[in-house]
Structures are given as structure tokens and as C-alpha cells.
6 protein chains.
Amino acid sequence: MAEDRYQKGIDKIQELTNADDANPTGFMDIGEAFADIAPDLSKYVVEFAFGDIYSRPGISNKQKVMTTITALVAQGKPQIGMHVKTGLSVGLTPEEIVGCIVHLIPYVGFPSVLNALNVAKEIFKEQGVSVKTSE
Amino acid sequence: MAEDRYQKGIDKIQELTNADDANPTGFMDIGEAFADIAPDLSKYVVEFAFGDIYSRPGISNKQKVMTTITALVAQGKPQIGMHVKTGLSVGLTPEEIVGCIVHLIPYVGFPSVLNALNVAKEIFKEQGVSVKTSE
Amino acid sequence: MAEDRYQKGIDKIQELTNADDANPTGFMDIGEAFADIAPDLSKYVVEFAFGDIYSRPGISNKQKVMTTITALVAQGKPQIGMHVKTGLSVGLTPEEIVGCIVHLIPYVGFPSVLNALNVAKEIFKEQGVSVKTSE
Amino acid sequence: MAEDRYQKGIDKIQELTNADDANPTGFMDIGEAFADIAPDLSKYVVEFAFGDIYSRPGISNKQKVMTTITALVAQGKPQIGMHVKTGLSVGLTPEEIVGCIVHLIPYVGFPSVLNALNVAKEIFKEQGVSVKTSE
Amino acid sequence: MAEDRYQKGIDKIQELTNADDANPTGFMDIGEAFADIAPDLSKYVVEFAFGDIYSRPGISNKQKVMTTITALVAQGKPQIGMHVKTGLSVGLTPEEIVGCIVHLIPYVGFPSVLNALNVAKEIFKEQGVSVKTSE
Amino acid sequence: MAEDRYQKGIDKIQELTNADDANPTGFMDIGEAFADIAPDLSKYVVEFAFGDIYSRPGISNKQKVMTTITALVAQGKPQIGMHVKTGLSVGLTPEEIVGCIVHLIPYVGFPSVLNALNVAKEIFKEQGVSVKTSE
């Protein structure tokens with residue numbers, strides 16, 4: 001069963017990131033990065049975060065990643081970029097990602113939003129996508 | 001033009017809350033509540049938050065309210081209930097609202113999520129809706 | 001010397017709150033409230049917070065209390081009311097207190113500001129002061 | 001295996017809280033409270049929080065609960081009381097609990113510390129314990 | 001009317017920053033920086049933040065910038081430097097800026113204050129101003 | 001008496017950091033760093049933080065540093081590294097430091113924990129210590 005949860009988590013990560021050898025995902029690196037100080041950490045990330053929580057029914061992958069990005073913007077966490085990239089991978093449009101971040105102005109204020117937009121802008125550039133604007 | 005933004009904001013609030021005389025919306029009360037100490041506040045809420053930000057294209061009303069709920073959960077703000085109610089009004093299912101809040105466990109921890117679920121549970125009861133669960 | 005710092009702190013509290021027997025200050029109650037579990041706490045509040053920090057030159061009492069209110073609004077702390085009352089005592093006008101809180105919208109978002117204005121409104125009512133508005 | 005993690009979590013909760021029929025623990029109530037809106041939540045609390053994280057080797061139960069209390073004080077969460085009670089149950093002395101909270105003044109400021117001490121004081125009273133003070 | 005708010009915002013930015021061709025202001029760069037992903041963002045910054053909020057009567061420019069700096073210190077935002085520079089521009093003395101940041105120790109703790117003082121120190125150096133100290 | 005508190009603070013810093021000429025402590029640098037803009041700051045750090053708070057009876061040095069690390073992880077402050085180093089100096093094992101940080105996952109979420117583990121990992125490397133893991 002535990003092995004099931006681990007495999008379920010790995011499968012979910014692949015599904016979210018289209019990860020393969022040519023395009024590895026940062027989520028798997030977490031395990032390697034902390035193998036020497038907290039070898040069980042990768043288990044919690046894969047089994048709990050992805051195998052349990054990201055695998056819950058009820059909301060779509062797009063909704064899950066948008067919710068994640070929002071939480072990271074509200075907290076000013078440096079992981080925003082990794083999840084903006086995942087957002088593009090699951091099919092969020094750049095307009096939806098920007099729309100979600102700008103929507104937060106009345107709830108978290110301008111500074112957090114501007115910082116997050118800077119990160120999103122860089123990921124868009126790195127991934128070669130652009131935002132369709134009506135102006 | 002400013003009047004346009006005010007009207008645009010009022011229209012957006014109606015659209016989001018299905019507000020009418022029989023079912024008034026808490027968002028309009030903000031203006032009345034602070035008329036004696038900050039009469040311009042209602043203008044900022046209506047014109048900026050609803051006329052500008054909530055009226056932006058790019059993301060749907062359902063996405064906007066889910067983003068709002070997420071930000072309030074991450075910050076532990078008491079306005080969660082009002083926006084869960086708005087979420088139901090714009091068509092978020094109770095499963096989507098619960099799904100969004102539970103999804104936040106790996107990002108904000110259990111205490112914030114449990115506090116928010118308590119609020120959501122009360123709103124669901126008040127609004128007579130229930131969550132379809134697979135168990 | 002330590003006694004000096006304690007006396008300096010008490011004097012500062014009196015200066016900030018116009019406290020006397022008929023109008024006692026909440027700051028002195030802190031000591032009594034925790035005498036049985038942390039009797040040294042009142043020393044830190046009086047000596048450090050008021051004897052050291054509030055007694056620093058460089059900014060006025062009005063600036064000090066406005067800075068305090070701002071920090072509490074940004075963090076959503078329940079102590080806002082006590083410091084709004086102190087603000088009135090040191091000569092901040094109700095317009096300055098409301099102005100400071102409303103000014104925070106672009107930096108902390110609407111929910112924190114609305115929560116703080118509710119508290120300020122109650123203190124204004126309790127203290128019998130009203131806000132001059134241009135509308 | 002999953003059942004093992006659930007049982008491991010339940011055992012850990014019993015160990016931490018000395019829970020039995022006469023003295024039930026609030027942690028088990030979480031499952032019941034959300035059975036109708038998120039029936040899987042109790043699984044995450046029991047299996048992940050208690051079965052995985054609280055069951056990790058490396059730090060003692062006393063250290064785990066003190067770390068928990070500290071995190072909740074730093075964030076101003078209402079769960080402080082439940083964990084102060086757990087702290088007493090695992091053998092933290094009232095002096096250690098107060099010492100940990102007061103130690104946070106230089107890191108989170110006075111308001112968060114005073115709010116937390118109020119909660120601790122009530123739990124101490126409810127549990128019939130008192131703090132040995134040198135003054 | 002909307003044009004009026006935009007112009008009002010631009011005028012306020014000029015007033016706050018003494019911006020001209022030889023000494024441009026960072027606030028105007030926000031528009032350019034996000035023109036390709038959120039072209040309406042500059043409108044919200046200029047019209048709402050500066051045209052509406054910074055243009056409110058009730059508190060002085062000096063009070064507005066001090067309030068802004070305080071909020072950013074309390075949240076640990078990287079925009080502190082830009083607003084310390086604006087503070088000097090509107091006539092806050094270096095002593096007032098340092099006084100405001102140091103005053104926050106009892107409310108946000110030492111780490112946030114030390115981080116902010118590091119930023120202020122660099123801006124003072126860059127702007128060629130020094131702090132008059134009594135020691 | 002004030003001199004006593006200063007000396008008491010210096011002694012506490014030495015005790016916590018084993019500081020000597022060959023191995024100076026970052027805590028003393030705070031005073032020098034801000035001597036030109038806030039010369040009284042070092043007094044507050046040494047006298048209040050170390051002379052008063054770190055010198056309180058009730059909890060051990062190991063508990064004090066673990067509490068400090070926890071607060072900094074919960075807030076995402078850059079001072080984590082300095083206090084991880086102090087933790088090793090007072091006798092916290094690397095397993096206890098990692099255990100404390102990993103224990104925070106259910107309370108602050110994965111991103112804050114991963115960021116803190118990165119910092120701890122670097123300090124461990126710099127200090128030549130390694131974590132004993134059972135896997």
C-alpha cells in the first residue's frame with residue numbers, strides 16, 4: 001500500500017510536469033537534495049503531497065496548481081517559479097496565471113503581486129510563451 | 001468614467017452574489033459600515049476591487065473566487081465565510097471549495113486548513129448544501 | 001540604573017496614555033495579568049518596550065503610535081484597539097488614524113484594513129470622537 | 001501498510017495525550033468534525049501528521065510539542081491551547097512552556113507572546129497546574 | 001475622469017519622488033516592466049495606489065511614506081529600499097526612518113528590523129545622507 | 001545594573017557560541033554593523049535579547065535555540081543559518097536540528113521547511129558535521 005502511494009505520487013508528478021529524461025522535474029530533485037540529511041523527506045513529498053493531496057478528486061489539476069500558486073504568492077515563497085512552470089504544463093494559459101496573480105492585489109497588496117509577476121515573467125520567457133493582452 | 005467604474009463594480013457584485021432585496025450581499029454593507037469614518041472606502045471596494053480587478057478578463061468568476069478563498073485561508077482572515085458563500089453563488093461546487101482548502105495542507109499546514117474548513121462547514125449548513133463524498 | 005529604566009518606562013506610559021486612577025491604562029495591566037506565570041514579563045514591557053524603545057529620540061510620540069498601529073494592522077493583531085486609544089491620547093486625530101489604516105490598502109489588502117477600521121470605529125465611539133469627512 | 005500508518009498515528013496520539021475514554025483527545029475529534037465534508041482529512045491528520053511526522057526519530061516528544069507550540073505562537077493560530085495541553089501531557093513543565101513562549105519576544109514581538117500567554121494561562125488553570133517562579 | 005485619476009497619480013508620484021529626467025523614479029518603471037504581461041497593472045499602480053490612496057487627505061506625505069515603510073518591514077518585503085528613498089525625498093530625516101524601523105522591535109522582533117536597517121543603511125550611503133546620533 | 005545586563009548578555013553570547021578571536025560570533029557584529037545609524041541597537045540585542053531573554057531560567061540553551069530556529073523557519077527569515085550554527089554550538093545534534101525543521105511540515109507547509117533545510121545543509125557542510133540517518 002505504501003508503495004502504491006509512492007507510485008501514485010510519482011505518476012501524479014509525471015502527469016503534472018510531463019517530466020521525462022529530456023525535461024526532468026524539479027519535484028524529484030527534492031529527494032536527492034536532502035538524501036543525506038532527511039532521506040524520508042522525499043517520501044513525504046511524493047507520497048503525501050502528490051500521492052495523497054494532489055491525487056484527491058474534487059478539483060482539476062489546473063485548479064490545484066492555481067491554488068498552489070496563489071498560496072505561494074500570498075506567502076511570498078521562492079517556489080512560485082517552479083509552480084508557474086507546472087501551471088503551464090497542466091494547461092493553465094499565461095493569461096490565467098497572470099490573471100490569478102493580479103487578482104490578488106486587493107487581498108495581499110501590490111508588493112507581493114509585483115514580486116510574483118517578476119518571477120512569472122521570467123518563467124514565461126524561459127518557456128517561450130507570451131501573454132495575449134487586449135491592449 | 002468614474003461613474004462607469006462604480007456601476008461596473010456594482011454590476012459585478014450583483015453578478016457574483018445574485019444579490020437582490022431578498023438576498024442582500026455583504027459587499028455592499030462595507031460602504032454603509034464605514035460611511036461615517038471613511039466614506040471613500042466603499043468607492044475603493046466597488047470601483048477598484050470589483051470594477052477594476054474582479055472585472056478583468058483572463059480568469060473566470062469561479063477562478064477568481066477560488067483564488068480569493070485561497071488567499072484568505074493562507075492569511076487566516078475572517079472574511080473566508082463571505083467568500084465561500086460567493087463561491088457557491090458563482091457556481092463553485094462544495095466539493096471544489098473543500099478541494100481547494102484541503103489542497104492547501106502542504107502549503108500552509110493543517111491549522112489554517114482546519115480553521116477554514118470549520119468556516120466552510122457552517123456556510124454550507126446555512127446555505128443548505130452538502131458535499132458529495134466518495135466514502 | 002535598572003530602576004531608572006523601569007521608572008522611565010512608567011513615566012513614558014503615563015505620558016502616552018494620560019493614565020491616572022480615574023483612567024487607568026491597559027499597559028499596566030499586562031504585569032498583573034501574568035504575575036503568576038511570568039512575573040518578569042511586566043519588566044520587559046515597561047523597561048524594554050517603554051523605557052528603551054518608546055523613549056528613544058528621533059521620532060515623536062505621534063509617529064511612534066502610528067508606526068505601532070500600522071504594524072498591528074499589517075499582522076492582524078487584536079491589540080489594534082488599545083493602540084488606537086493611545087493614538088488619540090497622544091494627539092493623533094481620528095482622521096490621521098483612519099488615514100493611516102486606509103493608506104495600507106495597497107500594501108496589506110482590503111481584508112486587514114476593513115478588520116482594523118471596525119476596531120477603530122468602536123474605539124472612536126467609546127471615546128466619543130468622530131471623524132471629519134469632506135463628503 | 002496504510003493501516004499500519006493509521007494505527008501508528010493513533011498509537012502516537014494516545015502516547016502524546018494519554019487519551020482514554022475518561023479523557024478523550026481533541027485530535028481524534030478532527031476526524032468526526034469533518035466526516036461529512038472531507039472524510040479523508042482524518043486520515044491525513046492521523047497517518048501523516050501523527051503516523052509519519054510525530055513518529056519520526058531524532059527529537060523527543062517534548063521537543064516535538066515545544067516546536068509545535070512555537071510555530072503556532074509565531075503564526076498566531078488558535079490551536080495553541082490544544083498543544084499546550086499536549087505539552088503538559090508529554091511532560092513539559094509549565095515553566096518550560098512559559099519559557100518557550102517568553103523566549104519568542106525577540107523573534108515575534110510582544111503582541112503574539114502576550115496573546116499566547118493568555119491561552120497558556122487558561123489551560124494551566126483548567127489543568128490545575130501552576131508555574132514555579134523565582135520572584 | 002479616469003484620465004484625471006491617472007494624471008493625479010502621476011502628479012503624486014512626481015511630488016513624492018521629485019522625479020525628473022535626471023532622477024527617474026522606480027514607480028514609473030513598474031508600468032514598463034509589466035507592459036507585455038499585464039499592461040493594465042501600471043494603471044492600477046498609478047490610478048489606484050497613487051491617484052486614489054496616496055492622494056487622500058488626512059495624513060501628510062511624510063506620514064504616508066512612514067506608514068508604507070512600516071508595513072513593508074512588518075512583512076519583510078524587498079520594496080523597503082525604494083520607499084526609504086521616497087521617504088528621504090518627501091523630507092523624512094534619516095533619524096525618523098531609522099527611528100520608525102527600530103521602534104518596530106517590540107512588534108515584529110529583531111530579525112525583521114535588522115534586515116530592514118541593512119537596506120536603509122545602503123540607501124543612505126547611495127543617497128549620501130548620514131544619521132545624526134547622540135552617541 | 002545596566003552594565004551588568006550588558007555583561008550578562010556578552011557572557012551569554014560567549015556561552016552560546018563558544019566565540020573567541022579565532023571563531024568570532026555573528027551576534028557581536030550586529031553592533032558594529034549599525035554603529036553609524038543606530039548605535040543603541042547593539043545594546044538592545046546584547047542587553048535585552050541575550051542579557052534578559054536568553055538568560056531567563058526555565059528552559060535550557062538547547063531548547064532556547066531550537067525555539068529560535070522554529071520561529072525563524074515559521075517566518076522564513078534569513079537568520080536561520082546563524083542560529084543553526086549556534087544550535088550546533090550549544091549541543092543540538094544535527095539530527096535534532098533536522099528533526100525540528102521537518103517536524104514543522106504539518107504546521108507551516110513544505111516550502112518553508114525545504115527552504116530551511118537548504119540553509120541547514122549548507123551550515124552542516126561548512127561546520128563539517130553530518131546527519132546520522134537510519135536509512
# chains A, B, ... in the order shown; residues from 1 in each chain; ligands from 1
call {"tool": "closest_atom_pairs", "arguments": {"of": "chain C", "to": "chain E", "cutoff": "8 Å", "atoms": "only C-alpha atoms", "output": "Markdown table"}}
result
| residue | atom | partner | partner_atom | distance |
| --- | --- | --- | --- | --- |
| C:Ala49 | CA | E:Pro106 | CA | 6.1 |
| C:Ile53 | CA | E:His103 | CA | 5.9 |
| C:Tyr54 | CA | E:His103 | CA | 7.0 |
| C:Arg56 | CA | E:Gly99 | CA | 7.7 |
| C:Pro57 | CA | E:Gly99 | CA | 7.6 |
| C:Gly58 | CA | E:Glu95 | CA | 5.3 |
| C:Ile59 | CA | E:Glu96 | CA | 5.3 |
| C:Gln63 | CA | E:Cys100 | CA | 7.7 |
| C:Lys64 | CA | E:His103 | CA | 6.9 |
| C:Met66 | CA | E:Thr67 | CA | 7.5 |
| C:Thr67 | CA | E:Thr70 | CA | 6.3 |
| C:Thr68 | CA | E:Leu104 | CA | 7.1 |
| C:Thr70 | CA | E:Thr67 | CA | 6.3 |
| C:Ala71 | CA | E:Ala74 | CA | 6.0 |
| C:Leu72 | CA | E:Tyr107 | CA | 7.5 |
| C:Ala74 | CA | E:Ala71 | CA | 5.9 |
| C:Gln75 | CA | E:Ala74 | CA | 7.4 |
| C:Glu95 | CA | E:Gly58 | CA | 5.3 |
| C:Glu96 | CA | E:Ile59 | CA | 5.3 |
| C:Gly99 | CA | E:Gly58 | CA | 5.5 |
| C:Cys100 | CA | E:Thr67 | CA | 6.6 |
| C:Val102 | CA | E:Ile53 | CA | 7.6 |
| C:His103 | CA | E:Ile53 | CA | 5.9 |
| C:Leu104 | CA | E:Thr68 | CA | 7.0 |
| C:Ile105 | CA | E:Ile53 | CA | 8.0 |
| C:Pro106 | CA | E:Ala49 | CA | 6.1 |
| C:Tyr107 | CA | E:Ala71 | CA | 6.8 |
| C:Val108 | CA | E:Ala71 | CA | 7.5 |
call {"tool": "write_last_selection", "arguments": {"atoms": "C-alpha atoms", "output": "PDB file, in the first residue's frame"}}
result
ATOM      1  CA  ALA C  49       9.259  48.389  25.235  1.00  0.00           C
ATOM      2  CA  ILE C  53      12.190  51.769  22.682  1.00  0.00           C
ATOM      3  CA  TYR C  54       9.307  54.223  23.215  1.00  0.00           C
ATOM      4  CA  ARG C  56      14.181  56.747  22.011  1.00  0.00           C
ATOM      5  CA  PRO C  57      14.634  60.176  20.473  1.00  0.00           C
ATOM      6  CA  GLY C  58      14.283  60.576  16.700  1.00  0.00           C
ATOM      7  CA  ILE C  59      10.553  60.218  16.184  1.00  0.00           C
ATOM      8  CA  GLN C  63       4.853  58.886  14.912  1.00  0.00           C
ATOM      9  CA  LYS C  64       5.591  56.087  17.369  1.00  0.00           C
ATOM     10  CA  MET C  66       1.134  55.476  14.196  1.00  0.00           C
ATOM     11  CA  THR C  67       4.018  53.092  13.472  1.00  0.00           C
ATOM     12  CA  THR C  68       2.690  50.723  16.127  1.00  0.00           C
ATOM     13  CA  THR C  70       0.490  50.122  11.240  1.00  0.00           C
ATOM     14  CA  ALA C  71       2.497  47.093  12.387  1.00  0.00           C
ATOM     15  CA  LEU C  72      -0.517  45.653  14.187  1.00  0.00           C
ATOM     16  CA  ALA C  74      -0.247  44.504   8.883  1.00  0.00           C
ATOM     17  CA  GLN C  75      -0.151  41.500  11.229  1.00  0.00           C
ATOM     18  CA  GLU C  95      -8.559  61.481  10.559  1.00  0.00           C
ATOM     19  CA  GLU C  96      -4.870  60.607  10.941  1.00  0.00           C
ATOM     20  CA  GLY C  99      -5.829  57.862   7.100  1.00  0.00           C
ATOM     21  CA  CYS C 100      -3.012  55.606   8.237  1.00  0.00           C
ATOM     22  CA  VAL C 102      -6.766  53.252   4.761  1.00  0.00           C
ATOM     23  CA  HIS C 103      -3.301  54.060   3.373  1.00  0.00           C
ATOM     24  CA  LEU C 104      -2.392  50.421   3.990  1.00  0.00           C
ATOM     25  CA  ILE C 105      -4.842  49.024   1.379  1.00  0.00           C
ATOM     26  CA  PRO C 106      -2.205  48.832  -1.388  1.00  0.00           C
ATOM     27  CA  TYR C 107       0.275  47.178   0.978  1.00  0.00           C
ATOM     28  CA  VAL C 108      -1.753  44.682   3.010  1.00  0.00           C
TER      29      VAL C 108
END
call {"tool": "closest_residue", "arguments": {"among": "A:Asp36, A:Ser89, A:Asn61, A:Pro111", "to": "F:Val129", "atoms": "only C-alpha atoms"}}
result
A:Asp36
call {"tool": "residues_around", "arguments": {"residues": "B:Gly81", "least_positions_apart": "2", "cutoff": "8 Å", "atoms": "only C-alpha atoms", "output": "list of chain:residue names"}}
result
B:Pro78, B:Gln79, B:His83, B:Val84, B:Lys85, B:Val119, B:Ala120, B:Ile123
call {"tool": "write_last_selection", "arguments": {"atoms": "all heavy atoms", "output": "PDB file, in the first residue's frame"}}
result
ATOM      1  N   PRO B  78     -10.745  36.453   8.642  1.00  0.00           N
ATOM      2  CA  PRO B  78     -12.135  36.095   8.964  1.00  0.00           C
ATOM      3  C   PRO B  78     -13.112  36.259   7.796  1.00  0.00           C
ATOM      4  O   PRO B  78     -14.264  35.848   7.911  1.00  0.00           O
ATOM      5  CB  PRO B  78     -12.488  37.047  10.114  1.00  0.00           C
ATOM      6  CG  PRO B  78     -11.516  38.161  10.038  1.00  0.00           C
ATOM      7  CD  PRO B  78     -10.275  37.619   9.384  1.00  0.00           C
ATOM      8  N   GLN B  79     -12.655  36.836   6.674  1.00  0.00           N
ATOM      9  CA  GLN B  79     -13.586  37.028   5.551  1.00  0.00           C
ATOM     10  C   GLN B  79     -13.833  35.741   4.760  1.00  0.00           C
ATOM     11  O   GLN B  79     -14.586  35.758   3.778  1.00  0.00           O
ATOM     12  CB  GLN B  79     -13.058  38.115   4.593  1.00  0.00           C
ATOM     13  CG  GLN B  79     -13.339  39.545   5.020  1.00  0.00           C
ATOM     14  CD  GLN B  79     -12.275  40.103   5.948  1.00  0.00           C
ATOM     15  OE1 GLN B  79     -11.413  39.366   6.433  1.00  0.00           O
ATOM     16  NE2 GLN B  79     -12.313  41.386   6.217  1.00  0.00           N
ATOM     17  N   HIS B  83     -16.707  34.793   1.348  1.00  0.00           N
ATOM     18  CA  HIS B  83     -16.267  34.417   0.005  1.00  0.00           C
ATOM     19  C   HIS B  83     -16.606  32.961  -0.327  1.00  0.00           C
ATOM     20  O   HIS B  83     -16.745  32.618  -1.500  1.00  0.00           O
ATOM     21  CB  HIS B  83     -14.774  34.722  -0.159  1.00  0.00           C
ATOM     22  CG  HIS B  83     -14.500  36.198  -0.218  1.00  0.00           C
ATOM     23  ND1 HIS B  83     -14.619  36.932  -1.370  1.00  0.00           N
ATOM     24  CD2 HIS B  83     -14.179  37.102   0.754  1.00  0.00           C
ATOM     25  CE1 HIS B  83     -14.353  38.214  -1.121  1.00  0.00           C
ATOM     26  NE2 HIS B  83     -14.083  38.341   0.164  1.00  0.00           N
ATOM     27  N   VAL B  84     -16.737  32.107   0.680  1.00  0.00           N
ATOM     28  CA  VAL B  84     -17.247  30.749   0.421  1.00  0.00           C
ATOM     29  C   VAL B  84     -18.686  30.866  -0.082  1.00  0.00           C
ATOM     30  O   VAL B  84     -19.082  30.199  -1.046  1.00  0.00           O
ATOM     31  CB  VAL B  84     -17.177  29.878   1.699  1.00  0.00           C
ATOM     32  CG1 VAL B  84     -18.017  28.611   1.539  1.00  0.00           C
ATOM     33  CG2 VAL B  84     -15.728  29.512   2.010  1.00  0.00           C
ATOM     34  N   LYS B  85     -19.453  31.748   0.537  1.00  0.00           N
ATOM     35  CA  LYS B  85     -20.836  31.991   0.105  1.00  0.00           C
ATOM     36  C   LYS B  85     -20.868  32.509  -1.335  1.00  0.00           C
ATOM     37  O   LYS B  85     -21.673  32.066  -2.149  1.00  0.00           O
ATOM     38  CB  LYS B  85     -21.483  33.000   1.063  1.00  0.00           C
ATOM     39  CG  LYS B  85     -22.984  33.024   1.026  1.00  0.00           C
ATOM     40  CD  LYS B  85     -23.553  33.963   2.101  1.00  0.00           C
ATOM     41  CE  LYS B  85     -24.905  34.519   1.681  1.00  0.00           C
ATOM     42  NZ  LYS B  85     -25.331  35.627   2.555  1.00  0.00           N
ATOM     43  N   VAL B 119     -15.192  27.064   8.984  1.00  0.00           N
ATOM     44  CA  VAL B 119     -15.994  28.165   8.454  1.00  0.00           C
ATOM     45  C   VAL B 119     -16.822  27.695   7.257  1.00  0.00           C
ATOM     46  O   VAL B 119     -18.020  27.972   7.169  1.00  0.00           O
ATOM     47  CB  VAL B 119     -15.087  29.344   8.047  1.00  0.00           C
ATOM     48  CG1 VAL B 119     -15.917  30.465   7.410  1.00  0.00           C
ATOM     49  CG2 VAL B 119     -14.313  29.865   9.247  1.00  0.00           C
ATOM     50  N   ALA B 120     -16.182  26.959   6.346  1.00  0.00           N
ATOM     51  CA  ALA B 120     -16.887  26.472   5.160  1.00  0.00           C
ATOM     52  C   ALA B 120     -18.065  25.581   5.562  1.00  0.00           C
ATOM     53  O   ALA B 120     -19.166  25.685   5.005  1.00  0.00           O
ATOM     54  CB  ALA B 120     -15.930  25.697   4.251  1.00  0.00           C
ATOM     55  N   ILE B 123     -21.035  27.628   6.562  1.00  0.00           N
ATOM     56  CA  ILE B 123     -21.691  28.272   5.414  1.00  0.00           C
ATOM     57  C   ILE B 123     -22.500  27.241   4.630  1.00  0.00           C
ATOM     58  O   ILE B 123     -23.629  27.518   4.206  1.00  0.00           O
ATOM     59  CB  ILE B 123     -20.651  28.955   4.486  1.00  0.00           C
ATOM     60  CG1 ILE B 123     -19.864  30.025   5.248  1.00  0.00           C
ATOM     61  CG2 ILE B 123     -21.328  29.551   3.243  1.00  0.00           C
ATOM     62  CD1 ILE B 123     -20.659  31.235   5.654  1.00  0.00           C
TER      63      ILE B 123
END
call {"tool": "select_by_dssp", "arguments": {"residues": "chain A", "states": "helix (DSSP H, G or I)", "output": "ChimeraX atom specification"}}
result
/A:2-17,26-33,41-53,61-75,80-90,94-103,105-108,110-127
